[in-house]
>>> print(open('upload_6.cif').read())   # mmCIF, N, CA and C atoms
data_structure
#
loop_
_atom_site.label_atom_id
_atom_site.label_comp_id
_atom_site.auth_asym_id
_atom_site.auth_seq_id
_atom_site.Cartn_x
_atom_site.Cartn_y
_atom_site.Cartn_z
N MET C 60 4.76 55.70 35.67
CA MET C 60 5.54 54.89 34.77
C MET C 60 5.98 55.75 33.58
N SER C 61 7.20 55.58 33.21
CA SER C 61 7.71 56.39 32.11
C SER C 61 7.23 55.83 30.77
N LYS C 62 7.32 56.67 29.75
CA LYS C 62 6.88 56.28 28.42
C LYS C 62 7.72 55.12 27.88
N LYS C 63 9.01 55.08 28.24
CA LYS C 63 9.89 54.01 27.77
C LYS C 63 9.44 52.66 28.34
N VAL C 64 9.11 52.62 29.61
CA VAL C 64 8.69 51.38 30.25
C VAL C 64 7.38 50.90 29.63
N VAL C 65 6.42 51.82 29.45
CA VAL C 65 5.14 51.46 28.84
C VAL C 65 5.37 50.93 27.43
N PHE C 66 6.22 51.60 26.67
CA PHE C 66 6.52 51.16 25.30
C PHE C 66 7.14 49.75 25.29
N ILE C 67 8.07 49.49 26.19
CA ILE C 67 8.74 48.18 26.25
C ILE C 67 7.73 47.09 26.65
N VAL C 68 6.87 47.37 27.60
CA VAL C 68 5.86 46.40 28.03
C VAL C 68 4.91 46.09 26.86
N ILE C 69 4.46 47.12 26.16
CA ILE C 69 3.57 46.91 25.01
C ILE C 69 4.28 46.13 23.92
N LEU C 70 5.54 46.43 23.67
CA LEU C 70 6.31 45.72 22.65
C LEU C 70 6.45 44.24 23.00
N ILE C 71 6.76 43.96 24.26
CA ILE C 71 6.88 42.56 24.71
C ILE C 71 5.55 41.84 24.57
N GLU C 72 4.46 42.48 24.95
CA GLU C 72 3.14 41.87 24.82
C GLU C 72 2.79 41.60 23.36
N CYS C 73 3.16 42.52 22.47
CA CYS C 73 2.88 42.31 21.04
C CYS C 73 3.68 41.13 20.48
N VAL C 74 4.96 41.04 20.83
CA VAL C 74 5.79 39.94 20.36
C VAL C 74 5.25 38.62 20.90
N LEU C 75 4.89 38.61 22.17
CA LEU C 75 4.33 37.40 22.77
C LEU C 75 3.00 37.02 22.11
N ALA C 76 2.16 37.98 21.81
CA ALA C 76 0.87 37.71 21.16
C ALA C 76 1.08 37.14 19.77
N VAL C 77 2.02 37.71 19.01
CA VAL C 77 2.30 37.20 17.67
C VAL C 77 2.80 35.76 17.75
N PHE C 78 3.69 35.48 18.68
CA PHE C 78 4.23 34.13 18.84
C PHE C 78 3.12 33.14 19.20
N LEU C 79 2.29 33.49 20.18
CA LEU C 79 1.22 32.59 20.60
C LEU C 79 0.19 32.35 19.49
N ILE C 80 -0.16 33.40 18.78
CA ILE C 80 -1.12 33.24 17.68
C ILE C 80 -0.53 32.36 16.59
N SER C 81 0.75 32.53 16.29
CA SER C 81 1.40 31.71 15.27
C SER C 81 1.43 30.25 15.70
N PHE C 82 1.83 30.01 16.92
CA PHE C 82 1.96 28.64 17.42
C PHE C 82 0.60 27.97 17.54
N LEU C 83 -0.33 28.60 18.21
CA LEU C 83 -1.65 28.02 18.41
C LEU C 83 -2.44 27.94 17.10
N GLY C 84 -2.27 28.92 16.26
CA GLY C 84 -2.94 28.91 14.96
C GLY C 84 -2.50 27.73 14.13
N GLN C 85 -1.20 27.41 14.13
CA GLN C 85 -0.70 26.27 13.38
C GLN C 85 -1.24 24.96 13.95
N ALA C 86 -1.31 24.85 15.27
CA ALA C 86 -1.84 23.64 15.89
C ALA C 86 -3.30 23.44 15.52
N ILE C 87 -4.08 24.50 15.53
CA ILE C 87 -5.49 24.42 15.15
C ILE C 87 -5.60 24.07 13.67
N TYR C 88 -4.78 24.70 12.83
CA TYR C 88 -4.79 24.43 11.39
C TYR C 88 -4.49 22.96 11.12
N ASN C 89 -3.48 22.41 11.80
CA ASN C 89 -3.11 21.00 11.59
C ASN C 89 -4.22 20.05 12.00
N SER C 90 -4.90 20.32 13.11
CA SER C 90 -5.95 19.41 13.55
C SER C 90 -7.18 19.52 12.66
N VAL C 91 -7.46 20.68 12.13
CA VAL C 91 -8.62 20.86 11.26
C VAL C 91 -8.37 20.26 9.89
N ASN C 92 -7.14 20.37 9.38
CA ASN C 92 -6.83 19.95 8.03
C ASN C 92 -6.20 18.56 7.96
N LYS C 93 -6.38 17.76 8.98
CA LYS C 93 -5.83 16.41 9.00
C LYS C 93 -6.56 15.56 7.95
N VAL C 94 -5.77 14.82 7.16
CA VAL C 94 -6.34 13.93 6.15
C VAL C 94 -6.23 12.50 6.68
N TYR C 95 -7.37 11.86 6.89
CA TYR C 95 -7.39 10.51 7.44
C TYR C 95 -7.25 9.47 6.34
N VAL C 96 -6.76 8.31 6.74
CA VAL C 96 -6.67 7.17 5.84
C VAL C 96 -8.10 6.70 5.54
N THR C 97 -8.36 6.43 4.26
CA THR C 97 -9.68 5.95 3.85
C THR C 97 -9.63 4.54 3.29
N GLU C 98 -8.42 4.06 2.93
CA GLU C 98 -8.30 2.69 2.44
C GLU C 98 -6.89 2.16 2.67
N ILE C 99 -6.83 0.87 2.90
CA ILE C 99 -5.58 0.12 2.98
C ILE C 99 -5.83 -1.19 2.26
N TYR C 100 -4.88 -1.60 1.43
CA TYR C 100 -5.01 -2.92 0.81
C TYR C 100 -3.63 -3.52 0.56
N PHE C 101 -3.61 -4.84 0.55
CA PHE C 101 -2.38 -5.58 0.29
C PHE C 101 -2.17 -5.66 -1.22
N THR C 102 -0.89 -5.74 -1.63
CA THR C 102 -0.57 -5.87 -3.05
C THR C 102 0.41 -7.01 -3.27
N TYR C 103 0.40 -7.50 -4.52
CA TYR C 103 1.45 -8.42 -4.94
C TYR C 103 2.73 -7.61 -5.10
N LYS C 104 3.85 -8.29 -5.31
CA LYS C 104 5.14 -7.61 -5.45
C LYS C 104 5.15 -6.63 -6.63
N ASP C 105 4.31 -6.88 -7.64
CA ASP C 105 4.27 -5.98 -8.80
C ASP C 105 3.36 -4.77 -8.57
N GLY C 106 2.76 -4.66 -7.38
CA GLY C 106 1.91 -3.51 -7.05
C GLY C 106 0.44 -3.72 -7.32
N THR C 107 0.07 -4.83 -7.92
CA THR C 107 -1.33 -5.13 -8.20
C THR C 107 -2.07 -5.44 -6.90
N LYS C 108 -3.26 -4.91 -6.78
CA LYS C 108 -4.07 -5.12 -5.58
C LYS C 108 -4.47 -6.59 -5.45
N ILE C 109 -4.34 -7.13 -4.24
CA ILE C 109 -4.83 -8.47 -3.94
C ILE C 109 -6.29 -8.31 -3.51
N GLU C 110 -7.18 -8.91 -4.26
CA GLU C 110 -8.60 -8.76 -3.99
C GLU C 110 -8.96 -9.43 -2.65
N ASP C 111 -10.00 -8.92 -2.01
CA ASP C 111 -10.49 -9.49 -0.75
C ASP C 111 -10.85 -10.95 -0.94
N ASP C 112 -10.63 -11.73 0.09
CA ASP C 112 -10.97 -13.15 0.13
C ASP C 112 -10.15 -14.00 -0.85
N VAL C 113 -9.05 -13.46 -1.37
CA VAL C 113 -8.15 -14.25 -2.22
C VAL C 113 -6.92 -14.59 -1.40
N PRO C 114 -6.73 -15.87 -1.03
CA PRO C 114 -5.56 -16.24 -0.24
C PRO C 114 -4.29 -16.10 -1.06
N LEU C 115 -3.19 -15.81 -0.38
CA LEU C 115 -1.90 -15.67 -1.03
C LEU C 115 -1.06 -16.89 -0.68
N LYS C 116 -0.73 -17.69 -1.69
CA LYS C 116 0.09 -18.88 -1.49
C LYS C 116 1.56 -18.45 -1.58
N LEU C 117 2.31 -18.72 -0.51
CA LEU C 117 3.72 -18.33 -0.43
C LEU C 117 4.60 -19.54 -0.61
N GLU C 118 5.47 -19.52 -1.59
CA GLU C 118 6.43 -20.60 -1.78
C GLU C 118 7.72 -20.20 -1.06
N LEU C 119 7.98 -20.89 0.06
CA LEU C 119 9.14 -20.60 0.89
C LEU C 119 10.18 -21.69 0.70
N THR C 120 11.36 -21.47 1.23
CA THR C 120 12.41 -22.48 1.21
C THR C 120 12.83 -22.77 2.64
N ASP C 121 13.57 -23.88 2.82
CA ASP C 121 14.07 -24.19 4.16
C ASP C 121 14.98 -23.07 4.67
N GLU C 122 15.70 -22.41 3.74
CA GLU C 122 16.63 -21.34 4.14
C GLU C 122 15.91 -20.02 4.41
N ASN C 123 14.82 -19.81 3.72
CA ASN C 123 14.11 -18.54 3.87
C ASN C 123 12.64 -18.81 4.16
N ARG C 124 12.28 -18.64 5.41
CA ARG C 124 10.89 -18.87 5.84
C ARG C 124 10.17 -17.55 6.11
N SER C 125 10.65 -16.47 5.49
CA SER C 125 10.05 -15.17 5.73
C SER C 125 9.49 -14.57 4.45
N TYR C 126 8.53 -13.69 4.64
CA TYR C 126 7.93 -12.97 3.52
C TYR C 126 7.52 -11.60 4.05
N THR C 127 7.90 -10.55 3.32
CA THR C 127 7.50 -9.20 3.72
C THR C 127 6.33 -8.76 2.87
N LEU C 128 5.25 -8.42 3.53
CA LEU C 128 4.03 -8.00 2.86
C LEU C 128 4.18 -6.62 2.23
N ASP C 129 3.45 -6.41 1.17
CA ASP C 129 3.38 -5.09 0.52
C ASP C 129 1.96 -4.58 0.66
N TRP C 130 1.80 -3.28 0.82
CA TRP C 130 0.49 -2.69 1.02
C TRP C 130 0.47 -1.27 0.51
N VAL C 131 -0.72 -0.74 0.34
CA VAL C 131 -0.92 0.64 -0.09
C VAL C 131 -1.85 1.31 0.91
N VAL C 132 -1.53 2.55 1.27
CA VAL C 132 -2.38 3.37 2.13
C VAL C 132 -2.91 4.52 1.28
N GLY C 133 -4.20 4.76 1.38
CA GLY C 133 -4.77 5.86 0.61
C GLY C 133 -5.65 6.73 1.48
N PRO C 134 -5.78 7.97 1.14
CA PRO C 134 -5.18 8.61 -0.02
C PRO C 134 -3.69 8.86 0.18
N GLU C 135 -3.02 9.17 -0.93
CA GLU C 135 -1.57 9.39 -0.86
C GLU C 135 -1.20 10.55 0.06
N ASN C 136 -2.11 11.50 0.22
CA ASN C 136 -1.81 12.67 1.06
C ASN C 136 -2.31 12.52 2.50
N ALA C 137 -2.61 11.29 2.92
CA ALA C 137 -3.03 11.08 4.31
C ALA C 137 -1.95 11.61 5.25
N THR C 138 -2.37 12.30 6.27
CA THR C 138 -1.44 12.95 7.19
C THR C 138 -0.55 11.94 7.90
N ASN C 139 -1.12 10.85 8.37
CA ASN C 139 -0.36 9.81 9.07
C ASN C 139 -0.59 8.48 8.36
N GLN C 140 0.43 8.01 7.65
CA GLN C 140 0.29 6.77 6.89
C GLN C 140 0.89 5.57 7.62
N GLU C 141 1.19 5.72 8.89
CA GLU C 141 1.74 4.60 9.66
C GLU C 141 0.68 3.51 9.83
N VAL C 142 1.15 2.25 9.82
CA VAL C 142 0.27 1.10 9.99
C VAL C 142 0.84 0.15 11.02
N TYR C 143 -0.01 -0.77 11.45
CA TYR C 143 0.37 -1.77 12.44
C TYR C 143 -0.11 -3.13 11.93
N PHE C 144 0.76 -4.14 12.01
CA PHE C 144 0.42 -5.48 11.55
C PHE C 144 0.23 -6.41 12.74
N SER C 145 -0.70 -7.35 12.58
CA SER C 145 -0.90 -8.38 13.60
C SER C 145 -1.38 -9.65 12.92
N GLY C 146 -1.15 -10.78 13.60
CA GLY C 146 -1.56 -12.08 13.06
C GLY C 146 -2.54 -12.75 13.99
N ASN C 147 -3.19 -13.80 13.48
CA ASN C 147 -4.22 -14.48 14.28
C ASN C 147 -3.71 -15.77 14.90
N VAL C 148 -2.40 -16.02 14.87
CA VAL C 148 -1.85 -17.24 15.48
C VAL C 148 -0.76 -16.87 16.48
N ASP C 149 -0.43 -17.81 17.33
CA ASP C 149 0.58 -17.62 18.35
C ASP C 149 1.94 -17.34 17.73
N GLU C 150 2.73 -16.47 18.36
CA GLU C 150 4.06 -16.13 17.84
C GLU C 150 5.02 -17.30 17.83
N SER C 151 4.72 -18.35 18.57
CA SER C 151 5.59 -19.53 18.52
C SER C 151 5.43 -20.24 17.17
N LEU C 152 4.34 -19.94 16.45
CA LEU C 152 4.10 -20.53 15.14
C LEU C 152 4.48 -19.59 14.00
N VAL C 153 4.03 -18.36 14.10
CA VAL C 153 4.28 -17.36 13.07
C VAL C 153 4.54 -16.02 13.74
N ARG C 154 5.65 -15.39 13.39
CA ARG C 154 5.97 -14.06 13.94
C ARG C 154 5.67 -13.00 12.89
N VAL C 155 4.95 -11.97 13.29
CA VAL C 155 4.63 -10.85 12.41
C VAL C 155 5.26 -9.60 13.01
N ASP C 156 6.15 -8.95 12.25
CA ASP C 156 6.74 -7.69 12.72
C ASP C 156 5.65 -6.63 12.62
N PRO C 157 5.27 -6.01 13.75
CA PRO C 157 4.14 -5.09 13.74
C PRO C 157 4.37 -3.82 12.92
N GLU C 158 5.64 -3.49 12.65
CA GLU C 158 5.93 -2.25 11.92
C GLU C 158 6.22 -2.47 10.45
N THR C 159 6.89 -3.57 10.10
CA THR C 159 7.33 -3.76 8.72
C THR C 159 6.47 -4.73 7.92
N GLY C 160 5.66 -5.55 8.59
CA GLY C 160 4.86 -6.54 7.89
C GLY C 160 5.64 -7.77 7.47
N LYS C 161 6.82 -7.95 8.04
CA LYS C 161 7.60 -9.16 7.73
C LYS C 161 7.01 -10.32 8.53
N VAL C 162 6.67 -11.40 7.81
CA VAL C 162 6.06 -12.58 8.41
C VAL C 162 7.09 -13.70 8.37
N THR C 163 7.40 -14.28 9.54
CA THR C 163 8.35 -15.38 9.62
C THR C 163 7.62 -16.61 10.13
N PHE C 164 7.67 -17.67 9.33
CA PHE C 164 6.96 -18.91 9.66
C PHE C 164 7.90 -19.84 10.42
N ARG C 165 7.57 -20.10 11.68
CA ARG C 165 8.31 -21.09 12.46
C ARG C 165 7.73 -22.48 12.22
N LYS C 166 6.46 -22.52 11.91
CA LYS C 166 5.74 -23.74 11.51
C LYS C 166 4.93 -23.35 10.28
N LEU C 167 4.69 -24.31 9.43
CA LEU C 167 3.91 -24.03 8.22
C LEU C 167 2.42 -24.13 8.55
N VAL C 168 1.87 -23.02 8.99
CA VAL C 168 0.44 -22.95 9.30
C VAL C 168 -0.15 -21.75 8.56
N ASP C 169 -1.40 -21.89 8.15
CA ASP C 169 -2.09 -20.76 7.55
C ASP C 169 -2.24 -19.66 8.59
N VAL C 170 -2.18 -18.43 8.15
CA VAL C 170 -2.31 -17.30 9.07
C VAL C 170 -3.07 -16.19 8.37
N VAL C 171 -3.87 -15.47 9.15
CA VAL C 171 -4.55 -14.28 8.65
C VAL C 171 -3.84 -13.07 9.27
N ILE C 172 -3.36 -12.18 8.40
CA ILE C 172 -2.65 -10.98 8.84
C ILE C 172 -3.57 -9.78 8.65
N THR C 173 -3.59 -8.91 9.65
CA THR C 173 -4.36 -7.67 9.59
C THR C 173 -3.40 -6.50 9.59
N VAL C 174 -3.63 -5.55 8.71
CA VAL C 174 -2.91 -4.27 8.72
C VAL C 174 -3.92 -3.20 9.07
N MET C 175 -3.57 -2.34 10.05
CA MET C 175 -4.50 -1.32 10.53
C MET C 175 -3.81 0.04 10.54
N SER C 176 -4.57 1.06 10.15
CA SER C 176 -4.04 2.42 10.17
C SER C 176 -3.81 2.88 11.61
N MET C 177 -2.84 3.77 11.78
CA MET C 177 -2.52 4.29 13.11
C MET C 177 -3.01 5.72 13.31
N ASP C 178 -3.80 6.24 12.38
CA ASP C 178 -4.22 7.64 12.46
C ASP C 178 -5.54 7.84 13.19
N GLY C 179 -6.11 6.76 13.71
CA GLY C 179 -7.38 6.86 14.43
C GLY C 179 -8.59 6.58 13.56
N SER C 180 -8.38 6.35 12.27
CA SER C 180 -9.51 6.09 11.38
C SER C 180 -9.99 4.64 11.45
N ASN C 181 -9.16 3.75 12.03
CA ASN C 181 -9.49 2.32 12.17
C ASN C 181 -9.72 1.61 10.83
N VAL C 182 -9.11 2.11 9.77
CA VAL C 182 -9.20 1.45 8.47
C VAL C 182 -8.24 0.27 8.50
N SER C 183 -8.68 -0.88 7.95
CA SER C 183 -7.83 -2.06 7.99
C SER C 183 -8.10 -2.95 6.78
N ASP C 184 -7.23 -3.93 6.61
CA ASP C 184 -7.41 -4.96 5.61
C ASP C 184 -6.82 -6.24 6.17
N THR C 185 -7.29 -7.37 5.66
CA THR C 185 -6.74 -8.65 6.09
C THR C 185 -6.34 -9.46 4.87
N ILE C 186 -5.41 -10.39 5.10
CA ILE C 186 -4.99 -11.30 4.04
C ILE C 186 -4.74 -12.67 4.65
N HIS C 187 -5.11 -13.70 3.91
CA HIS C 187 -4.94 -15.09 4.33
C HIS C 187 -3.68 -15.61 3.62
N LEU C 188 -2.67 -15.98 4.39
CA LEU C 188 -1.41 -16.50 3.84
C LEU C 188 -1.37 -18.02 3.99
N ILE C 189 -0.99 -18.69 2.91
CA ILE C 189 -0.85 -20.15 2.91
C ILE C 189 0.60 -20.47 2.54
N PRO C 190 1.41 -20.86 3.53
CA PRO C 190 2.82 -21.14 3.23
C PRO C 190 3.02 -22.57 2.75
N VAL C 191 3.89 -22.74 1.77
CA VAL C 191 4.31 -24.07 1.32
C VAL C 191 5.82 -24.02 1.10
N ILE C 192 6.46 -25.17 1.30
CA ILE C 192 7.91 -25.26 1.10
C ILE C 192 8.18 -25.80 -0.30
N LYS C 193 9.01 -25.10 -1.04
CA LYS C 193 9.43 -25.58 -2.36
C LYS C 193 10.24 -26.85 -2.19
N ASP C 194 10.16 -27.72 -3.14
CA ASP C 194 11.01 -28.91 -3.20
C ASP C 194 10.86 -29.83 -2.00
N GLY C 195 9.71 -29.83 -1.34
CA GLY C 195 9.44 -30.78 -0.27
C GLY C 195 10.34 -30.65 0.95
N GLY C 196 10.67 -29.45 1.36
CA GLY C 196 11.53 -29.24 2.54
C GLY C 196 10.83 -29.60 3.83
N ASP C 197 11.49 -29.36 4.94
CA ASP C 197 10.94 -29.68 6.26
C ASP C 197 9.77 -28.77 6.58
N VAL C 198 8.77 -29.33 7.22
CA VAL C 198 7.59 -28.56 7.63
C VAL C 198 7.92 -27.70 8.85
N ASP C 199 8.75 -28.20 9.75
CA ASP C 199 9.10 -27.47 10.96
C ASP C 199 10.54 -26.98 10.86
N ILE C 200 10.81 -25.92 11.59
CA ILE C 200 12.18 -25.40 11.65
C ILE C 200 13.01 -26.23 12.60
#
>>> encode(input="upload_6.cif", output="structure tokens")
Amino acid sequence: MSKKVVFIVILIECVLAVFLISFLGQAIYNSVNKVYVTEIYFTYKDGTKIEDDVPLKLELTDENRSYTLDWVVGPENATNQEVYFSGNVDESLVRVDPETGKVTFRKLVDVVITVMSMDGSNVSDTIHLIPVIKDGGDVDI
């Protein structure tokens, strides 16, 4: 084998080694330095934390039977801050958008909503919603 061929083979191996070390090193770094969610809590519209076991009374109208929940995920530097929402009643009564936390009441029934982290930490919070119609509107849609 000529010196040129050996040199080219060694050069290709070096470039490939640098690429693999860079790629695999970053993947290992990301998995080791992942910051998990340690807390989730619901807030009022002004950002104040809603304490556990405090029901939230929602004043809805016949025209607007929806409410979008607000929440905080901590710490702020958590790697994956995505959450999932679910409710404890049938969707024919109350629909909960699993991604946005928008709750739409088809019937005026109390509902408990759970928000859960999607990063594998299984951190969650729940809130008890009590819907009422302003001005004595219809109970059913």
>>> resolve_selection(input="upload_6.cif", expression="the PyMOL selection byres ((chain C and resi 116) around 8)", output="PyMOL selection string")
chain C and resi 113-115+117-119+187-191
>>> select_by_dssp(input="upload_6.cif", residues="range 61-160 of chain C", states="strand (DSSP E)", output="PyMOL selection string")
chain C and resi 98-102+115-119+125-127+129-133+142-146+153-155
>>> residues_around(input="upload_6.cif", residues="range 164-168 of chain C", least_positions_apart="2", cutoff="8 Å", atoms="all atoms listed in the file", output="PyMOL selection string")
chain C and resi 123-126+150-155+161-162+170-171+188-192+197-200
>>> residues_around(input="upload_6.cif", residues="range 132-136 of chain C", least_positions_apart="2", cutoff="5 Å", atoms="all atoms listed in the file", output="short mmCIF file (atom, residue, chain, number, x, y, z; two decimals) with N, CA and C atoms, keeping the file's coordinate frame")
data_model
loop_
_atom_site.label_atom_id
_atom_site.label_comp_id
_atom_site.auth_asym_id
_atom_site.auth_seq_id
_atom_site.Cartn_x
_atom_site.Cartn_y
_atom_site.Cartn_z
N VAL C 96 -6.76 8.31 6.74
CA VAL C 96 -6.67 7.17 5.84
C VAL C 96 -8.10 6.70 5.54
N THR C 97 -8.36 6.43 4.26
CA THR C 97 -9.68 5.95 3.85
C THR C 97 -9.63 4.54 3.29
N GLU C 98 -8.42 4.06 2.93
CA GLU C 98 -8.30 2.69 2.44
C GLU C 98 -6.89 2.16 2.67
N ILE C 99 -6.83 0.87 2.90
CA ILE C 99 -5.58 0.12 2.98
C ILE C 99 -5.83 -1.19 2.26
N TRP C 130 1.80 -3.28 0.82
CA TRP C 130 0.49 -2.69 1.02
C TRP C 130 0.47 -1.27 0.51
N THR C 138 -2.37 12.30 6.27
CA THR C 138 -1.44 12.95 7.19
C THR C 138 -0.55 11.94 7.90
#
>>> select_by_dssp(input="upload_6.cif", residues="chain C", states="alpha helix (DSSP H)", output="VMD selection string")
chain C and resid 62 to 91
>>> atom_distance(input="upload_6.cif", atom1="atom C of Thr173 in chain C", atom2="atom C of Thr102 in chain C")
13.4 Å
>>> residues_around(input="upload_6.cif", residues="Gln140 in chain C", least_positions_apart="4", cutoff="7 Å", atoms="only N, CA and C atoms", output="mmCIF file with N, CA and C atoms, keeping the file's coordinate frame")
data_model
loop_
_atom_site.group_PDB
_atom_site.id
_atom_site.type_symbol
_atom_site.label_atom_id
_atom_site.label_comp_id
_atom_site.auth_asym_id
_atom_site.auth_seq_id
_atom_site.Cartn_x
_atom_site.Cartn_y
_atom_site.Cartn_z
ATOM 1 N N VAL C 132 -1.530 2.550 1.270
ATOM 2 C CA VAL C 132 -2.380 3.370 2.130
ATOM 3 C C VAL C 132 -2.910 4.520 1.280
ATOM 4 N N SER C 176 -4.570 1.060 10.150
ATOM 5 C CA SER C 176 -4.040 2.420 10.170
ATOM 6 C C SER C 176 -3.810 2.880 11.610
ATOM 7 N N MET C 177 -2.840 3.770 11.780
ATOM 8 C CA MET C 177 -2.520 4.290 13.110
ATOM 9 C C MET C 177 -3.010 5.720 13.310
ATOM 10 N N ASP C 178 -3.800 6.240 12.380
ATOM 11 C CA ASP C 178 -4.220 7.640 12.460
ATOM 12 C C ASP C 178 -5.540 7.840 13.190
#
>>> atom_distance(input="upload_6.cif", atom1="CA of Val142 in chain C", atom2="CA of Thr107 in chain C")
19.3 Å
>>> closest_residue(input="upload_6.cif", among="C:Ile69, C:Gly179, C:Ile80, C:Ser61", to="Asn139 in chain C", atoms="all atoms listed in the file")
C:Gly179
>>> resolve_selection(input="upload_6.cif", expression="the PyMOL selection byres ((chain C and resi 147) around 6)", output="list in words")
Ser145, Gly146, Val148, Asp149, Val170, Val171 and Ile172 of chain C
>>> atom_distance(input="upload_6.cif", atom1="CA of Pro157 in chain C", atom2="CA of Asp169 in chain C")
18.0 Å
>>> closest_residue(input="upload_6.cif", among="C:Asp121, C:Met175, C:Ala76, C:Asp129", to="Tyr143 in chain C", atoms="all atoms listed in the file")
C:Met175
>>> closest_residue(input="upload_6.cif", among="C:Ile71, C:Val174, C:Val64, C:Val94", to="Ile186 in chain C", atoms="all atoms listed in the file")
C:Val174
